[in-house]
Structures are given as structure tokens and as C-alpha cells.
>>> print(open('query-v7.tsv').read())   # TSV, C-alpha atoms
chain	number	residue	atom	x	y	z
N	14	MET	CA	56.33	59.53	84.96
N	15	SER	CA	59.40	61.53	85.80
N	16	SER	CA	60.35	63.08	89.07
N	17	SER	CA	63.14	65.07	90.54
N	18	ALA	CA	64.23	66.01	94.00
N	19	ARG	CA	66.75	68.43	95.30
N	20	GLN	CA	68.48	67.76	98.55
N	21	THR	CA	70.94	70.07	100.22
N	22	THR	CA	73.40	69.12	102.88
N	23	PRO	CA	72.31	70.13	106.39
N	24	HIS	CA	75.10	72.68	106.82
N	25	GLU	CA	73.69	74.76	103.97
N	26	VAL	CA	70.44	75.31	105.88
N	27	PRO	CA	70.89	76.58	109.43
N	28	PRO	CA	69.29	74.63	112.28
N	29	GLY	CA	65.99	76.15	113.34
N	30	THR	CA	65.07	77.12	109.79
N	31	ARG	CA	61.31	77.03	109.28
N	32	LEU	CA	60.18	75.46	106.03
N	33	VAL	CA	57.21	74.13	104.13
N	34	LEU	CA	57.18	70.62	102.70
N	35	TYR	CA	55.55	70.17	99.30
N	36	ALA	CA	55.03	66.88	97.49
N	37	CYS	CA	53.18	65.93	94.34
N	38	LEU	CA	52.56	62.19	94.65
N	39	PRO	CA	50.44	59.83	92.56
N	40	ALA	CA	47.49	58.28	94.38
N	41	SER	CA	48.65	54.92	93.05
N	42	LEU	CA	51.46	54.98	95.63
N	43	GLY	CA	48.87	54.51	98.35
N	44	GLU	CA	50.48	53.87	101.72
N	45	ALA	CA	53.96	54.33	100.22
N	46	ALA	CA	53.14	58.03	99.69
N	47	ASP	CA	52.39	58.38	103.41
N	48	HIS	CA	55.71	56.72	104.22
N	49	SER	CA	57.55	59.08	101.85
N	50	VAL	CA	56.07	62.14	103.54
N	51	ALA	CA	56.78	60.72	107.01
N	52	SER	CA	60.39	59.98	106.03
N	53	THR	CA	60.82	63.53	104.80
N	54	ARG	CA	59.39	64.91	108.04
N	55	ARG	CA	61.87	62.77	110.01
N	56	TYR	CA	64.75	64.02	107.83
N	57	VAL	CA	63.67	67.62	108.47
N	58	ALA	CA	63.46	67.06	112.24
N	59	ASP	CA	66.79	65.18	112.34
N	60	SER	CA	68.42	68.09	110.50
N	61	GLY	CA	67.22	70.52	113.15
N	62	TRP	CA	64.73	72.30	110.90
N	63	GLU	CA	61.07	73.01	111.58
N	64	ALA	CA	58.36	71.97	109.11
N	65	VAL	CA	55.62	74.52	109.67
N	66	GLU	CA	53.26	73.11	107.03
N	67	THR	CA	53.00	70.14	104.69
N	68	TYR	CA	51.19	70.17	101.37
N	69	VAL	CA	50.59	67.01	99.33
N	70	ASP	CA	48.99	67.36	95.92
N	71	PRO	CA	47.74	64.49	93.78
N	72	GLU	CA	49.74	63.67	90.66
N	73	ASP	CA	47.13	65.22	88.37
N	74	PHE	CA	47.42	68.64	90.05
N	75	LYS	CA	48.98	70.15	86.93
N	76	SER	CA	45.85	69.35	84.95
N	77	SER	CA	43.59	70.97	87.53
N	78	GLU	CA	42.04	74.36	86.92
N	79	THR	CA	42.59	75.21	90.58
N	80	VAL	CA	45.86	76.96	91.32
N	81	VAL	CA	46.90	77.94	94.81
N	82	THR	CA	49.39	80.75	95.27
N	83	LEU	CA	50.97	81.30	98.66
>>> encode(input="query-v7.tsv", output="C-alpha cells")
Amino acid sequence: MSSSARQTTPHEVPPGTRLVLYACLPASLGEAADHSVASTRRYVADSGWEAVETYVDPEDFKSSETVVTL
């Protein structure tokens, strides 16, 4: 399994910016996945941003026939 994340420094995103969190996490992470999402929400709040929605897809999302476009 490979993963990547991109993190910008807080000064590149103005405080008050509204954003959507998206994560694709394997179910095998169990409770650790919940902690990862919670940590990201804390980072967003501490940076002065507003998470307006959070989406978490299972690892096998890419193999699903269901595709959601927002």
C-alpha cells in the first residue's frame, strides 16, 4: 500500500478558509483511522480554518463502481 499527503504551511491558506477533508483509509486501521481523522480536524481548527464536511472512503473505493462527483 502506498500513500501520499500534501501539507501546506498555515500562512499559505488564510484563516477562516472553509475546506472539505477527504481521506481514503483502510478498514484494517480500525480505531487508528478515527484518530487520524480527529488529528486532522484538530490541525484544521488550530490553523484557523473551517472544515465544513468530512468524507472518509474505505481503501477499496477505487475498485467500486460507485463514483461520487461533487
>>> residues_near_point(input="query-v7.tsv", point="(56.2, 58.5, 101.6)", cutoff="12 Å", atoms="all atoms listed in the file", output="list in words")
Tyr35, Ala36, Cys37, Leu38, Pro39, Ala40, Ser41, Leu42, Gly43, Glu44, Ala45, Ala46, Asp47, His48, Ser49, Val50, Ala51, Ser52, Thr53, Arg54, Arg55, Tyr56 and Val69 of chain N
>>> write_last_selection(input="query-v7.tsv", atoms="C-alpha atoms", output="PDB file, in the coordinates of the input")
ATOM      1  CA  TYR N  35      55.550  70.170  99.300  1.00  0.00           C
ATOM      2  CA  ALA N  36      55.030  66.880  97.490  1.00  0.00           C
ATOM      3  CA  CYS N  37      53.180  65.930  94.340  1.00  0.00           C
ATOM      4  CA  LEU N  38      52.560  62.190  94.650  1.00  0.00           C
ATOM      5  CA  PRO N  39      50.440  59.830  92.560  1.00  0.00           C
ATOM      6  CA  ALA N  40      47.490  58.280  94.380  1.00  0.00           C
ATOM      7  CA  SER N  41      48.650  54.920  93.050  1.00  0.00           C
ATOM      8  CA  LEU N  42      51.460  54.980  95.630  1.00  0.00           C
ATOM      9  CA  GLY N  43      48.870  54.510  98.350  1.00  0.00           C
ATOM     10  CA  GLU N  44      50.480  53.870 101.720  1.00  0.00           C
ATOM     11  CA  ALA N  45      53.960  54.330 100.220  1.00  0.00           C
ATOM     12  CA  ALA N  46      53.140  58.030  99.690  1.00  0.00           C
ATOM     13  CA  ASP N  47      52.390  58.380 103.410  1.00  0.00           C
ATOM     14  CA  HIS N  48      55.710  56.720 104.220  1.00  0.00           C
ATOM     15  CA  SER N  49      57.550  59.080 101.850  1.00  0.00           C
ATOM     16  CA  VAL N  50      56.070  62.140 103.540  1.00  0.00           C
ATOM     17  CA  ALA N  51      56.780  60.720 107.010  1.00  0.00           C
ATOM     18  CA  SER N  52      60.390  59.980 106.030  1.00  0.00           C
ATOM     19  CA  THR N  53      60.820  63.530 104.800  1.00  0.00           C
ATOM     20  CA  ARG N  54      59.390  64.910 108.040  1.00  0.00           C
ATOM     21  CA  ARG N  55      61.870  62.770 110.010  1.00  0.00           C
ATOM     22  CA  TYR N  56      64.750  64.020 107.830  1.00  0.00           C
ATOM     23  CA  VAL N  69      50.590  67.010  99.330  1.00  0.00           C
TER      24      VAL N  69
END
>>> atom_distance(input="query-v7.tsv", atom1="atom CA of Glu25 of chain N", atom2="atom CA of Tyr68 of chain N")
23.1 Å
>>> atom_distance(input="query-v7.tsv", atom1="atom CA of Asp70 of chain N", atom2="atom CA of Gly29 of chain N")
25.9 Å
>>> atom_distance(input="query-v7.tsv", atom1="atom CA of Trp62 of chain N", atom2="atom CA of Leu34 of chain N")
11.3 Å
>>> residues_around(input="query-v7.tsv", residues="Ser60 of chain N", least_positions_apart="3", cutoff="9 Å", atoms="all atoms listed in the file", output="ChimeraX atom specification")
/N:23-24,26-29,55-57,63
